[in-house]
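J.: Below is a structure I'd like to ask you about.
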Protein chains: 2
Amino acid sequence: MKTRKAAKPDPPTQPPGPPSAGRKRVEHSKDKILTTTIELLYEAGLGLSIDEVSRRSGVAKTTIYRHWPVRSALILEACVKLTPEPRAPDHGSFAREIAELIETLAKVLRTARWTGVLPSIVDAAERDPAAARVFGQIQAGHAAPFREVIVRAQRRGELARQIDPDTMVATIIGPLFYRRWFSREPIDKAFTNLLIRQATG
Amino acid sequence: MKTRKAAKPDPPTQPPGPPSAGRKRVEHSKDKILTTTIELLYEAGLGLSIDEVSRRSGVAKTTIYRHWPVRSALILEACVKLTPEPRAPDHGSFAREIAELIETLAKVLRTARWTGVLPSIVDAAERDPAAARVFGQIQAGHAAPFREVIVRAQRRGELARQIDPDTMVATIIGPLFYRRWFSREPIDKAFTNLLIRQATG
DNA sequence: TTGCTACGCTACGGTAGCGTAGCGATAAGC
DNA sequence: GCTTATCGCTACGCTACCGTAGCGTAGCAA
């Protein structure tokens, strides 16, 4: 997503690939605009301005409005591209899988830049239905791998079937999110270990 | 924070200030301004405008600026008054106390209007140190009763001493907050019961 | 070369908000 | 009833931003 060098063989499934020779100008500018928008999201949250996107990206404001009819359209699209799609591991062992998911999420919460933007989206979701839809998508993306691993473990008989998967997801992700955005305490090994014990015990 | 009635004997902690001509008037307008500001916080979050406060409260904008030098000062003060100060119950039984705290918080998260504003404050806290300080205060207020009940139970020997109170608070409040602001699933009896079982089991 | 499309640039019109100035009105406290 | 701090009102100046218009230019394909 950063470098835009050669890389002739275009990966067909990855959208943000570098613009190869055959790429149209349109995609090139849209790319620059989106990249800058995401960068500004990191810094200013949803309050970013189109003028600033134009200034920093070097793309004329008129060009931005040629591709996105209104401000919110661009910002929503940038928000969708913000968080990576996590995947559910499949080791055949619930304990290992849930541990991996917890450790991974913990690391993401410690380091990923988008974590600074999410409250802005949560806030918008409280009032704006469009933002709520986008946020619901992001949120579901976070919860899905946990849910999948839990359901699979229940099917295998590794986990009691009367446990509600969504509830269990909340008891795992909840404390992690709490530490990142609310109490702002460190998410260290001791903390993740406790969560793992609680989930597998 | 509500009505400021007679109370002739001056509260000793508040510096009475110079015996000027219109102290009563000052407090009356400050009251109206703050009340309106909080109302607008509910509706628009931290993005509220001073002009709107003036319009809706009927207090002139100049008067607002006579009491608060800048916009942020008013908003921060309103934020501080936003959430009620919860108190820790003392029944002599950890199970009963923690259950009461969980049920109470659950009900607050389901109904209290300030829950719609908090993401706005969390977001601001990500970038603005002043907002972070205010939010830290609010957050500590939420966690304190839980922490107190846990520490007391440990002193009484009702709870294992090697458990870190802050960690335990996270595992209780975290899932509740998660449901309110992230997954947006209902916080029902089944959910709180599970948390209570998890905390006391 | 021609023609099409996307792009850059400048300049707008319009809105909203912050914070201030000046002046007359008014209510509190003596 | 007199004094004075406080308030309301109108009118600013300033900045930032949204979104658009018009016109000229650069890339690209036939």
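For the structure tokens, the naming scheme is as follows: chains receive sequential letters (A, B, ...) according to their order of presentation, residues are indexed from 1 within each chain, and ligands are indexed from 1 in presentation order.
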Using only C-alpha atoms, find each residue in chain A having at least one atom no more than 7 Å away from chain B; report its shortest atom-to-atom pair and that distance in Å (one decimal), rows by chain then rising number, as a tab-separated table.

T.:
residue	atom	partner	partner_atom	distance
A:Gly116	CA	B:Glu126	CA	6.2
A:Pro119	CA	B:Asp123	CA	4.8
A:Ser120	CA	B:Asp123	CA	5.2
A:Val122	CA	B:Pro119	CA	6.2
A:Asp123	CA	B:Pro119	CA	4.8
A:Glu126	CA	B:Gly116	CA	6.3
A:Gln139	CA	B:Ser183	CA	6.6
A:Thr167	CA	B:Phe191	CA	6.9
A:Ala170	CA	B:Pro175	CA	5.1
A:Thr171	CA	B:Pro175	CA	5.0
A:Gly174	CA	B:Pro175	CA	4.1
A:Pro175	CA	B:Gly174	CA	4.1
A:Phe177	CA	B:Gly174	CA	7.0
A:Tyr178	CA	B:Gly174	CA	4.9
A:Arg179	CA	B:Ala170	CA	7.0
A:Trp181	CA	B:Val122	CA	7.0
A:Phe182	CA	B:Gln139	CA	6.6
A:Ser183	CA	B:Gln139	CA	6.6
A:Phe191	CA	B:Thr167	CA	6.9

J.: Which chain A residues are at most 10 Å from chain C (counting only C-alpha atoms (C1' of nucleotides)), as JSON, numbers by chain?

T.: {"A": [24, 25, 26, 29, 58, 59, 60, 61, 62, 63, 66]}

J.: Find the residues near A:Lys32: any atom within 9 Å, counting only C-alpha atoms (C1' of nucleotides), skip ones fewer than 4 places away on the same chain, and give them as a list in words.

T.: Glu27, His28, Thr36, Thr37, Ser57, Gly58 and Val59 of chain A

J.: Just to be explicit: take each residue in the selection above, keep all heavy atoms, and write the result as a PDB file, in the first residue's frame.

T.:
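Result file is selection-v8.pdb:
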ATOM      1  N   GLU A  27      -7.187   5.173 -11.622  1.00  0.00           N
ATOM      2  CA  GLU A  27      -6.864   4.360 -10.459  1.00  0.00           C
ATOM      3  C   GLU A  27      -5.677   4.928  -9.709  1.00  0.00           C
ATOM      4  O   GLU A  27      -5.580   4.823  -8.494  1.00  0.00           O
ATOM      5  CB  GLU A  27      -6.565   2.927 -10.919  1.00  0.00           C
ATOM      6  CG  GLU A  27      -7.631   2.404 -11.862  1.00  0.00           C
ATOM      7  CD  GLU A  27      -7.964   0.955 -11.602  1.00  0.00           C
ATOM      8  OE1 GLU A  27      -7.351   0.358 -10.705  1.00  0.00           O
ATOM      9  OE2 GLU A  27      -8.862   0.431 -12.281  1.00  0.00           O
ATOM     10  N   HIS A  28      -4.786   5.501 -10.467  1.00  0.00           N
ATOM     11  CA  HIS A  28      -3.609   6.090  -9.842  1.00  0.00           C
ATOM     12  C   HIS A  28      -3.993   7.218  -8.908  1.00  0.00           C
ATOM     13  O   HIS A  28      -3.530   7.286  -7.765  1.00  0.00           O
ATOM     14  CB  HIS A  28      -2.646   6.589 -10.924  1.00  0.00           C
ATOM     15  CG  HIS A  28      -1.307   6.974 -10.388  1.00  0.00           C
ATOM     16  ND1 HIS A  28      -0.913   8.273 -10.216  1.00  0.00           N
ATOM     17  CD2 HIS A  28      -0.276   6.220  -9.957  1.00  0.00           C
ATOM     18  CE1 HIS A  28       0.303   8.305  -9.718  1.00  0.00           C
ATOM     19  NE2 HIS A  28       0.725   7.067  -9.547  1.00  0.00           N
ATOM     20  N   THR A  36      -3.812   8.962   1.137  1.00  0.00           N
ATOM     21  CA  THR A  36      -3.694  10.183   1.933  1.00  0.00           C
ATOM     22  C   THR A  36      -4.844  10.297   2.917  1.00  0.00           C
ATOM     23  O   THR A  36      -4.653  10.730   4.060  1.00  0.00           O
ATOM     24  CB  THR A  36      -3.686  11.419   1.019  1.00  0.00           C
ATOM     25  OG1 THR A  36      -2.707  11.238   0.003  1.00  0.00           O
ATOM     26  CG2 THR A  36      -3.386  12.661   1.812  1.00  0.00           C
ATOM     27  N   THR A  37      -6.032   9.919   2.482  1.00  0.00           N
ATOM     28  CA  THR A  37      -7.185  10.000   3.370  1.00  0.00           C
ATOM     29  C   THR A  37      -6.984   9.111   4.597  1.00  0.00           C
ATOM     30  O   THR A  37      -7.253   9.528   5.727  1.00  0.00           O
ATOM     31  CB  THR A  37      -8.456   9.564   2.633  1.00  0.00           C
ATOM     32  OG1 THR A  37      -8.627  10.371   1.465  1.00  0.00           O
ATOM     33  CG2 THR A  37      -9.668   9.723   3.530  1.00  0.00           C
ATOM     34  N   SER A  57      -2.031  15.291  -0.725  1.00  0.00           N
ATOM     35  CA  SER A  57      -1.856  14.269  -1.756  1.00  0.00           C
ATOM     36  C   SER A  57      -1.330  14.870  -3.051  1.00  0.00           C
ATOM     37  O   SER A  57      -0.783  14.164  -3.893  1.00  0.00           O
ATOM     38  CB  SER A  57      -3.198  13.585  -2.023  1.00  0.00           C
ATOM     39  OG  SER A  57      -4.104  14.501  -2.609  1.00  0.00           O
ATOM     40  N   GLY A  58      -1.499  16.171  -3.204  1.00  0.00           N
ATOM     41  CA  GLY A  58      -1.102  16.791  -4.457  1.00  0.00           C
ATOM     42  C   GLY A  58      -2.148  16.630  -5.545  1.00  0.00           C
ATOM     43  O   GLY A  58      -1.952  17.093  -6.664  1.00  0.00           O
ATOM     44  N   VAL A  59      -3.244  15.989  -5.198  1.00  0.00           N
ATOM     45  CA  VAL A  59      -4.316  15.824  -6.174  1.00  0.00           C
ATOM     46  C   VAL A  59      -5.310  16.975  -6.004  1.00  0.00           C
ATOM     47  O   VAL A  59      -5.672  17.323  -4.891  1.00  0.00           O
ATOM     48  CB  VAL A  59      -5.036  14.474  -5.961  1.00  0.00           C
ATOM     49  CG1 VAL A  59      -6.201  14.333  -6.931  1.00  0.00           C
ATOM     50  CG2 VAL A  59      -4.057  13.319  -6.126  1.00  0.00           C
TER      51      VAL A  59
END

J.: Within 10 Å of A:Asp188, counting only C-alpha atoms (C1' of nucleotides), which residues show up once you throw out same-chain ones fewer than 2 positions away? Write them as a list of chain:residue names, please.

T.: A:Glu103, A:Ala106, A:Lys107, A:Arg110, A:Glu185, A:Pro186, A:Ala190, A:Phe191, A:Thr192, A:Asn193

J.: With a cut-off of 8 Å and counting only C-alpha atoms (C1' of nucleotides), select all residues of chain D in contact with chain B and give the selection as an MDAnalysis selection string.

T.: chainID D and resid 4:8

J.: Can you tell me, as a PyMOL selection string, which residues in chain B count as alpha helix (DSSP H) by DSSP?

T.: chain B and resi 23-44+50-57+61-67+71-80+94-111+118-125+129-156+165-177+189-200

J.: Need to verify the contact set: A:Ile50, 7 Å, only C-alpha atoms (C1' of nucleotides), exclusion of same-chain residues closer than 3 positions in sequence. Can you return it as a VMD selection string?

T.: chain A and resid 53 to 54 71

J.: What is the distance between atom CA of A:Leu74 and atom CA of A:Leu34, in Å to one decimal?

T.: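 Distance between the two atoms: 7.7 Å.
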
J.: What is the distance between atom CA of A:Thr111 and atom CA of A:Arg55, in Å to one decimal?

T.: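 Distance between the two atoms: 27.9 Å.
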